[in-house]
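Participant: Input structure: coords.cif, which contains mmCIF, C-alpha atoms.
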data_entry
#
loop_
_atom_site.label_atom_id
_atom_site.label_comp_id
_atom_site.auth_asym_id
_atom_site.auth_seq_id
_atom_site.Cartn_x
_atom_site.Cartn_y
_atom_site.Cartn_z
CA MET A 1 85.30 76.95 79.03
CA GLY A 2 82.18 78.79 77.83
CA ILE A 3 78.81 78.65 79.53
CA SER A 4 75.67 79.35 77.53
CA LEU A 5 72.46 80.49 79.18
CA PRO A 6 68.95 80.06 77.83
CA ALA A 7 67.17 83.23 76.81
CA ALA A 8 64.67 82.83 79.62
CA ALA A 9 67.43 83.11 82.17
CA LEU A 10 68.18 86.60 80.91
CA ALA A 11 64.71 87.99 81.39
CA GLY A 12 64.25 90.91 83.74
CA CYS A 13 66.17 94.10 84.37
CA THR A 14 69.41 93.78 82.43
CA ALA A 15 72.26 96.20 81.87
CA VAL A 16 74.10 95.37 78.66
CA LEU A 17 77.54 96.56 77.65
CA LEU A 18 79.01 95.76 74.25
CA LEU A 19 82.57 96.84 73.58
CA GLN A 20 84.23 96.52 70.19
CA PRO A 21 87.13 98.26 68.43
CA VAL A 22 86.09 101.62 66.94
CA PRO A 23 88.06 104.65 65.77
CA ALA A 24 90.80 105.73 68.15
CA ALA A 25 89.09 109.03 68.92
CA ALA A 26 86.48 107.17 70.93
CA ALA A 27 89.15 105.93 73.33
CA ALA A 28 89.26 109.39 74.88
CA ASP A 29 85.78 108.92 76.34
CA PRO A 30 86.07 110.19 79.96
CA ALA A 31 83.82 107.33 81.13
CA GLN A 32 86.85 105.08 80.75
CA GLN A 33 88.79 105.63 83.97
CA ARG A 34 92.24 104.11 83.67
CA ARG A 35 94.71 103.71 86.52
CA THR A 36 98.22 102.61 85.68
CA SER A 37 100.72 100.93 88.01
CA ALA A 38 104.49 101.31 88.17
CA GLY A 39 104.72 97.76 86.82
CA GLY A 40 103.03 98.78 83.58
CA GLY A 41 99.68 97.24 84.43
CA SER A 42 96.38 99.08 84.48
CA VAL A 43 92.75 98.85 85.48
CA THR A 44 90.18 100.46 83.19
CA SER A 45 86.77 101.00 84.78
CA LEU A 46 83.64 101.35 82.66
CA PRO A 47 80.30 102.27 84.30
CA LEU A 48 77.36 99.94 83.71
CA GLY A 49 74.22 102.00 84.10
CA ALA A 50 71.13 100.35 85.57
CA ASP A 51 68.88 101.68 82.81
CA ARG A 52 71.03 102.20 79.75
CA ALA A 53 73.33 100.39 77.34
CA LEU A 54 76.79 101.70 76.66
CA ALA A 55 77.56 102.23 72.99
CA PRO A 56 80.34 100.16 71.41
CA ARG A 57 83.72 101.69 72.05
CA ALA A 58 87.44 100.99 71.84
CA THR A 59 89.06 99.20 74.75
CA ARG A 60 92.61 99.00 75.87
CA PRO A 61 94.20 95.54 76.05
CA PHE A 62 93.19 93.48 79.07
CA GLU A 63 93.66 89.94 80.35
CA LEU A 64 91.30 89.77 83.35
CA LEU A 65 87.95 91.31 84.12
CA GLY A 66 85.31 91.52 86.80
CA VAL A 67 82.15 93.42 87.68
CA GLY A 68 81.94 95.47 90.89
CA TRP A 69 79.50 97.77 92.64
CA ASN A 70 79.25 100.13 95.62
CA GLY A 71 76.51 98.39 97.59
CA PRO A 72 76.67 95.37 99.91
CA ALA A 73 78.48 92.31 98.66
CA ARG A 74 75.25 90.34 98.34
CA SER A 75 73.39 93.00 96.36
CA LEU A 76 73.29 90.76 93.28
CA ASP A 77 72.06 87.62 95.06
CA GLY A 78 69.50 85.99 92.80
CA GLY A 79 70.84 87.81 89.75
CA SER A 80 73.56 86.88 87.32
CA VAL A 81 76.54 88.31 85.45
CA ARG A 82 77.85 86.83 82.25
CA VAL A 83 80.55 88.02 79.88
CA ARG A 84 81.90 87.31 76.45
CA THR A 85 85.34 88.43 75.29
CA ARG A 86 87.18 88.84 72.01
CA ASP A 87 90.63 87.35 71.51
CA ALA A 88 93.12 90.13 70.72
CA ALA A 89 95.17 87.94 68.37
CA THR A 90 92.50 86.05 66.43
CA HIS A 91 89.65 88.58 66.80
CA VAL A 92 87.33 85.65 67.48
CA TRP A 93 84.59 86.05 70.07
CA GLY A 94 84.40 83.36 72.72
CA ASP A 95 81.37 81.82 74.38
CA TRP A 96 79.40 83.43 77.18
CA GLN A 97 80.78 82.73 80.64
CA VAL A 98 79.13 83.28 84.01
CA LEU A 99 81.01 85.26 86.67
CA GLU A 100 80.78 83.88 90.19
CA ALA A 101 79.47 86.14 92.93
CA ASP A 102 82.37 86.69 95.31
CA GLY A 103 80.80 87.93 98.54
CA GLU A 104 82.54 85.34 100.70
CA ASP A 105 86.12 86.38 99.88
CA GLY A 106 87.62 89.45 101.44
CA PRO A 107 88.07 91.26 104.73
CA ASP A 108 85.66 90.73 107.62
CA ALA A 109 84.65 94.42 107.61
CA PRO A 110 81.76 95.22 105.23
CA GLY A 111 82.55 96.87 101.93
CA GLY A 112 81.49 96.99 98.29
CA GLY A 113 80.75 93.93 96.23
CA ALA A 114 82.35 92.31 93.21
CA THR A 115 82.28 89.16 91.16
CA ALA A 116 85.18 86.78 91.13
CA PRO A 117 87.69 87.87 88.49
CA LEU A 118 87.85 86.04 85.17
CA TRP A 119 91.18 85.45 83.43
CA THR A 120 90.55 85.93 79.72
CA GLY A 121 94.03 86.06 78.26
CA PRO A 122 94.92 88.90 75.84
CA SER A 123 91.61 90.45 74.80
CA ASP A 124 90.35 93.64 73.19
CA GLY A 125 86.57 93.36 73.25
CA VAL A 126 83.91 92.35 75.73
CA ALA A 127 80.15 92.02 76.11
CA VAL A 128 78.50 92.00 79.52
CA GLN A 129 74.97 91.17 80.63
CA VAL A 130 73.90 91.79 84.22
CA THR A 131 70.52 90.47 85.33
CA ALA A 132 69.16 91.91 88.55
CA GLY A 133 68.11 89.84 91.52
CA PRO A 134 65.25 90.64 93.93
CA ARG A 135 67.12 93.67 95.26
CA GLY A 136 67.49 95.24 91.83
CA LEU A 137 70.78 96.48 90.44
CA PRO A 138 73.25 98.01 92.93
CA ASP A 139 74.66 101.49 92.64
CA GLY A 140 78.00 102.07 91.01
CA LEU A 141 77.83 98.98 88.83
CA ARG A 142 80.98 98.87 86.71
CA LEU A 143 83.15 96.64 84.57
CA ASP A 144 86.86 96.56 85.42
CA LEU A 145 89.35 95.48 82.73
CA VAL A 146 92.78 94.56 84.06
CA ASP A 147 96.05 94.56 82.13
CA PRO A 148 98.71 92.85 84.32
CA GLY A 149 101.59 94.61 82.60
CA GLN A 150 105.16 93.34 82.70
CA GLY A 151 105.52 93.58 86.46
CA ALA A 152 107.67 95.76 88.68
CA ALA A 153 111.43 95.40 88.43
CA GLY A 154 112.47 92.39 90.50
CA ALA A 155 114.60 92.72 93.60
CA ALA A 156 116.82 90.19 95.32
CA GLY A 157 115.17 87.07 96.66
CA ARG A 158 112.84 86.21 93.79
CA THR A 159 112.39 82.70 95.23
CA LEU A 160 112.39 81.69 98.86
CA PRO A 161 114.48 78.48 98.59
CA ALA A 162 113.35 75.17 99.99
CA GLU A 163 114.87 74.13 103.31
CA PRO A 164 115.02 70.66 104.86
CA PRO A 165 113.11 69.82 108.05
CA ASP A 166 114.80 71.06 111.21
CA GLY A 167 113.81 68.17 113.47
CA ARG A 168 110.72 70.01 114.74
CA ARG A 169 108.97 71.25 111.64
CA ALA A 170 108.30 70.00 108.14
CA ALA A 171 110.51 71.14 105.29
CA ARG A 172 109.90 74.61 103.92
CA PRO A 173 108.93 74.33 100.26
CA ALA A 174 110.30 76.71 97.66
CA VAL A 175 108.04 79.76 97.35
CA VAL A 176 108.14 82.36 94.57
CA THR A 177 108.26 85.71 96.33
CA ARG A 178 106.26 88.81 95.49
CA ALA A 179 109.32 90.15 93.69
CA GLY A 180 109.36 86.89 91.74
CA TRP A 181 105.90 87.45 90.29
CA GLY A 182 106.51 91.17 89.78
CA ALA A 183 104.30 92.74 92.45
CA ASP A 184 104.16 96.53 92.29
CA GLU A 185 104.54 97.30 96.01
CA SER A 186 103.32 100.88 95.52
CA LEU A 187 99.78 99.57 94.98
CA ARG A 188 99.23 98.03 98.39
CA ASP A 189 98.77 99.53 101.84
CA PRO A 190 102.30 99.85 103.28
CA GLN A 191 101.05 98.77 106.71
CA VAL A 192 100.92 95.03 107.34
CA GLU A 193 98.54 93.37 109.78
CA TYR A 194 99.40 90.16 111.61
CA THR A 195 97.18 87.62 113.30
CA GLY A 196 97.70 84.82 115.80
CA PRO A 197 99.43 81.53 114.91
CA VAL A 198 98.00 79.91 111.79
CA ARG A 199 95.88 76.94 112.86
CA VAL A 200 93.80 76.47 109.70
CA VAL A 201 94.72 76.64 106.02
CA PHE A 202 91.66 77.44 103.90
CA VAL A 203 91.88 76.19 100.31
CA HIS A 204 90.28 78.19 97.48
CA HIS A 205 90.19 78.19 93.72
CA THR A 206 90.40 81.48 91.86
CA ALA A 207 87.53 80.70 89.45
CA THR A 208 89.78 81.69 86.55
CA ALA A 209 90.94 79.68 83.53
CA THR A 210 92.11 76.13 84.24
CA GLU A 211 94.03 75.45 81.05
CA TYR A 212 96.93 77.89 81.02
CA ASP A 213 100.68 77.85 80.58
CA CYS A 214 102.32 77.88 84.02
CA ALA A 215 104.71 80.53 82.68
CA ASP A 216 101.65 82.83 82.65
CA ALA A 217 100.92 82.30 86.35
CA PRO A 218 102.81 85.46 87.45
CA ARG A 219 100.70 87.53 85.02
CA MET A 220 97.54 85.97 86.41
CA ILE A 221 98.61 86.76 89.97
CA ARG A 222 99.51 90.36 89.09
CA ALA A 223 96.07 90.77 87.54
CA ILE A 224 94.30 89.32 90.60
CA TYR A 225 96.43 91.60 92.80
CA GLN A 226 95.33 94.68 90.87
CA TYR A 227 91.71 93.53 90.92
CA HIS A 228 91.73 92.96 94.68
CA VAL A 229 93.39 96.31 95.44
CA ARG A 230 92.08 98.68 92.79
CA SER A 231 88.69 97.15 92.02
CA ASN A 232 87.72 95.73 95.42
CA GLY A 233 89.53 98.34 97.51
CA TRP A 234 91.43 95.81 99.65
CA ARG A 235 94.76 96.62 101.25
CA ASP A 236 96.59 93.92 99.24
CA ILE A 237 95.91 90.70 97.38
CA GLY A 238 93.54 88.68 99.55
CA TYR A 239 95.28 85.29 99.55
CA ASN A 240 98.34 84.49 101.63
CA PHE A 241 99.57 82.01 99.02
CA LEU A 242 98.70 80.82 95.53
CA VAL A 243 99.44 77.57 93.70
CA ASP A 244 99.52 77.08 89.94
CA ARG A 245 98.58 73.92 88.04
CA CYS A 246 102.25 72.86 88.04
CA GLY A 247 102.36 72.89 91.85
CA THR A 248 104.53 76.01 92.09
CA LEU A 249 103.87 78.00 95.27
CA TYR A 250 103.66 81.80 95.30
CA GLU A 251 103.72 84.29 98.16
CA GLY A 252 100.50 86.28 98.22
CA ARG A 253 99.80 89.03 100.75
CA ALA A 254 102.91 90.95 101.84
CA GLY A 255 104.39 90.67 105.31
CA GLY A 256 106.57 87.58 105.25
CA ALA A 257 105.75 84.08 104.03
CA GLU A 258 106.88 82.58 107.35
CA LEU A 259 104.80 85.01 109.44
CA ALA A 260 101.09 84.97 110.33
CA VAL A 261 99.92 87.69 107.93
CA HIS A 262 96.26 88.66 108.27
CA GLY A 263 94.65 87.96 104.91
CA ALA A 264 91.30 88.64 103.21
CA HIS A 265 90.23 85.25 101.89
CA THR A 266 87.55 83.63 104.06
CA LEU A 267 84.84 85.93 105.37
CA GLY A 268 84.65 85.69 109.15
CA PHE A 269 87.69 83.45 109.52
CA ASN A 270 90.68 85.48 108.37
CA THR A 271 92.09 85.47 111.92
CA ASP A 272 94.47 82.66 112.92
CA SER A 273 94.31 81.20 109.43
CA ALA A 274 95.96 81.37 106.03
CA GLY A 275 94.28 81.31 102.63
CA VAL A 276 95.82 79.50 99.67
CA ALA A 277 94.20 79.79 96.24
CA VAL A 278 94.73 77.39 93.36
CA LEU A 279 94.80 79.17 90.00
CA GLY A 280 91.91 77.65 88.07
CA THR A 281 88.29 76.57 88.27
CA PHE A 282 87.71 73.07 89.59
CA VAL A 283 84.00 72.53 89.21
CA THR A 284 84.32 69.93 86.43
CA ASP A 285 88.04 70.06 85.58
CA THR A 286 90.19 67.77 87.72
CA PRO A 287 93.27 69.36 89.34
CA PRO A 288 96.59 67.97 88.10
CA PRO A 289 98.40 65.80 90.72
CA ALA A 290 100.91 68.62 91.27
CA VAL A 291 98.15 70.73 92.85
CA PRO A 292 97.33 68.59 95.91
CA GLU A 293 101.03 67.81 96.28
CA GLY A 294 101.84 71.52 96.42
CA LEU A 295 99.00 72.14 98.87
CA ALA A 296 100.26 69.37 101.16
CA ARG A 297 103.82 70.72 101.19
CA LEU A 298 102.59 74.21 101.98
CA ALA A 299 100.15 73.07 104.69
CA ALA A 300 102.70 70.83 106.40
CA TRP A 301 105.17 73.68 106.68
CA LYS A 302 102.81 76.57 107.43
CA LEU A 303 100.79 74.72 110.05
CA GLY A 304 103.95 73.26 111.54
CA LEU A 305 105.25 76.76 112.27
CA ALA A 306 102.43 77.02 114.83
CA GLY A 307 102.75 73.43 116.07
CA GLN A 308 99.39 72.58 114.47
CA ASP A 309 98.88 68.97 113.36
CA ALA A 310 97.90 69.10 109.69
CA GLY A 311 95.72 66.04 110.21
CA GLY A 312 93.98 67.44 113.26
CA ARG A 313 91.12 69.79 114.01
CA THR A 314 90.92 73.13 115.75
CA GLN A 315 88.48 75.89 116.61
CA LEU A 316 88.10 79.43 115.29
CA VAL A 317 85.68 82.18 116.28
CA SER A 318 83.65 83.77 113.49
CA GLY A 319 84.45 87.44 113.00
CA ALA A 320 81.54 88.30 110.70
CA ASP A 321 77.96 87.47 109.85
CA GLY A 322 77.09 86.14 106.42
CA THR A 323 78.97 82.89 106.96
CA ARG A 324 77.86 79.43 108.06
CA TYR A 325 78.56 80.65 111.59
CA PRO A 326 77.19 83.97 112.91
CA LYS A 327 79.66 86.46 114.31
CA GLY A 328 80.99 85.34 117.69
CA THR A 329 80.20 81.65 117.10
CA THR A 330 82.95 79.09 117.73
CA ALA A 331 83.38 76.71 114.80
CA THR A 332 85.47 73.55 114.50
CA PHE A 333 87.53 73.05 111.34
CA ASP A 334 89.95 70.54 109.91
CA ALA A 335 93.43 72.05 109.90
CA VAL A 336 93.22 71.93 106.10
CA SER A 337 89.70 73.03 105.15
CA GLY A 338 87.91 74.25 102.05
CA HIS A 339 86.43 77.70 101.66
CA ARG A 340 82.99 76.06 101.59
CA ASP A 341 83.49 74.74 105.12
CA ALA A 342 83.21 78.30 106.41
CA VAL A 343 80.73 79.95 104.03
CA ALA A 344 78.03 78.94 101.56
CA THR A 345 80.03 78.66 98.35
CA GLU A 346 81.14 76.01 95.86
CA CYS A 347 84.76 77.04 96.35
CA PRO A 348 87.22 75.31 95.98
CA GLY A 349 85.14 73.38 93.48
CA ALA A 350 83.52 69.96 93.22
CA THR A 351 86.69 68.26 91.97
CA LEU A 352 89.26 69.89 94.26
CA TYR A 353 87.34 69.74 97.54
CA PRO A 354 87.21 65.90 97.68
CA LEU A 355 91.02 65.84 97.48
CA LEU A 356 91.44 67.71 100.77
CA PRO A 357 91.38 64.58 103.00
CA ALA A 358 94.34 63.23 101.01
CA VAL A 359 96.06 66.62 101.31
CA ARG A 360 95.63 66.47 105.10
CA THR A 361 96.99 62.92 105.23
CA GLN A 362 100.04 63.76 103.13
CA ALA A 363 100.72 66.99 105.04
CA ALA A 364 100.52 65.14 108.37
CA ALA A 365 102.92 62.50 107.05
CA LEU A 366 105.38 65.21 106.03
CA GLN A 367 105.17 66.67 109.52
CA SER A 368 105.73 63.26 111.14
CA ALA A 369 108.76 62.60 108.96
CA ALA A 370 110.28 65.85 110.21
CA ARG A 371 110.16 64.71 113.83
CA PRO A 372 112.84 62.32 115.09
CA ALA A 373 111.53 59.01 116.35
CA ALA A 374 111.48 58.47 120.11
CA PRO A 375 114.46 56.44 121.36
CA TRP A 376 112.26 53.45 122.25
CA ALA A 377 110.78 53.45 118.74
CA ARG A 378 114.09 53.24 116.92
#
Could you render the structure from this file as structure tokens?

Facilitator:
Amino acid sequence: MGISLPAAALAGCTAVLLLQPVPAAAAADPAQQRRTSAGGGSVTSLPLGADRALAPRATRPFELLGVGWNGPARSLDGGSVRVRTRDAATHVWGDWQVLEADGEDGPDAPGGGATAPLWTGPSDGVAVQVTAGPRGLPDGLRLDLVDPGQGAAGAAGRTLPAEPPDGRRAARPAVVTRAGWGADESLRDPQVEYTGPVRVVFVHHTATATEYDCADAPRMIRAIYQYHVRSNGWRDIGYNFLVDRCGTLYEGRAGGAELAVHGAHTLGFNTDSAGVAVLGTFVTDTPPPAVPEGLARLAAWKLGLAGQDAGGRTQLVSGADGTRYPKGTTATFDAVSGHRDAVATECPGATLYPLLPAVRTQAAALQSAARPAAPWAR
């Protein structure tokens, strides 16, 4: 889905990068820093100077991209980033698309900034235009091109099988494990952090393509994983779980799907919560019915592990400024909340967010069905 901007919107200080196929000798340019994973994927970083344009050059194949920088996450507030990519098979250039600022995802500790990643599909050319905000252009501005590769060799347990309710908790849904989507475990920090019992599930969208073949979901997740670790410098993929448009659930951050793994998904509220991201952009596109169904199954089970009513409310303490609640403030959330409930963002989108009340209702019903009726109610 392309987004065109009027020329006036591009006025101001702009760094422009245009990449097109050129003779192979140009591919040796040392400005292209490429890091390859054991799973065959790679991230190629290209600097975007604040006062110069990069000459056209050859690019390695990529399927996801994003723009990052070294300064604070909000350094580009008031500015914009838009990209245009070339299809590797048809050699046709697509429309301009705007990259979302992504300062509200990630760990609570401050770090560098980055846009949300954009899934492009197989591509071999890109144009980028960055327009500065009031703070100017941040240092270390770069374009990262991600090739997800074929994935690391799978191990046993590629899918965590579904299990029926045990009389106390809702049924565990089937979850594709990290091995199932081909995670290269050498990329992440080997240490795993845990938090308290999960009392809130925060729902996100990944701001990537909405129309995709669900068979490509593992490639999309591998690309997001590389972007979060290698581009953003996080210890692992930020989300605890992901859901594709077919309702398939995927394990995100390592540490055990049934355990309270500390994620990097909702600034200030990564403690005592889990983040689940739906693959897609749901600003105007409506999520398929399988999406809220998958979210409800996941929420019923995950919240039930902590004895949290999926239809209830609970309180969390903000761990960072830059959210709707300053650090140290106690905030009340629905047990199934949207990213926007915690921070100023559109996520999880204008069409997905209104479905969350129904997700809560269905998740609570699944939890109730797992509990045996009292003897006097039979």

Participant: For this file, the PyMOL selection byres ((chain A and resi 316) around 6) selects which residues, as a list in words?

Facilitator: Gln315, Val317, Thr330 and Ala331 of chain A

Participant: May I have the selected residues written with C-alpha atoms, as an mmCIF file, in the coordinates of the input?

Facilitator:
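Wrote it out as selection_12.cif, contents follow:
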data_model
loop_
_atom_site.group_PDB
_atom_site.id
_atom_site.type_symbol
_atom_site.label_atom_id
_atom_site.label_comp_id
_atom_site.auth_asym_id
_atom_site.auth_seq_id
_atom_site.Cartn_x
_atom_site.Cartn_y
_atom_site.Cartn_z
ATOM 1 C CA GLN A 315 88.480 75.890 116.610
ATOM 2 C CA VAL A 317 85.680 82.180 116.280
ATOM 3 C CA THR A 330 82.950 79.090 117.730
ATOM 4 C CA ALA A 331 83.380 76.710 114.800
#

Participant: Starting from the shown file, work through the PyMOL selection byres ((chain A and resi 233) around 12) and note down what comes out as a list of chain:residue names.

Facilitator: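 So the PyMOL selection byres ((chain A and resi 233) around 12), applied here, picks out A:Gly68, A:Trp69, A:Asn70, A:Gly106, A:Pro107, A:Ala109, A:Pro110, A:Gly111, A:Gly112, A:Gly113, A:Ala114, A:Leu187, A:Arg188, A:Asp189, A:Tyr225, A:Gln226, A:Tyr227, A:His228, A:Val229, A:Arg230, A:Ser231, A:Asn232, A:Trp234, A:Arg235, A:Asp236, A:Ile237, A:Gly238, A:Ala264.
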
Participant: Here is a test: counting only C-alpha atoms, which residue of A:Asp321, A:Asp166, A:Glu185, A:Asp95 is nearest to Arg253 in chain A?

Facilitator: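 So, comparing all the options, the nearest one is A:Glu185.
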
Participant: Do you have the CA of Leu305 in chain A-CA of Arg169 in chain A distance handy?

Facilitator: 6.7 Å

Participant: Taking the file as I've supplied it (selection: the PyMOL selection byres ((chain A and resi 339) around 7)), which residues are included? Please answer as number ranges by chain.

Facilitator: A: 202-204, 266, 337-338, 340-343, 347-348

Participant: Please indicate the distance in Å from CA of Pro117 in chain A to CA of Gln150 in chain A, rounded to one decimal place.

Facilitator: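 Going from CA of Pro117 in chain A over to CA of Gln150 in chain A, I get 19.2 Å.
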
Participant: Hey, can you check how far CA of Ser123 in chain A sits from CA of Leu249 in chain A?

Facilitator: 26.9 Å

Participant: Please determine, counting all atoms listed in the file, which residue among A:Gly304, A:Pro122, A:Gly79, A:Gly151 has the shortest atom-to-atom distance to Ala369 in chain A.

Facilitator: A:Gly304
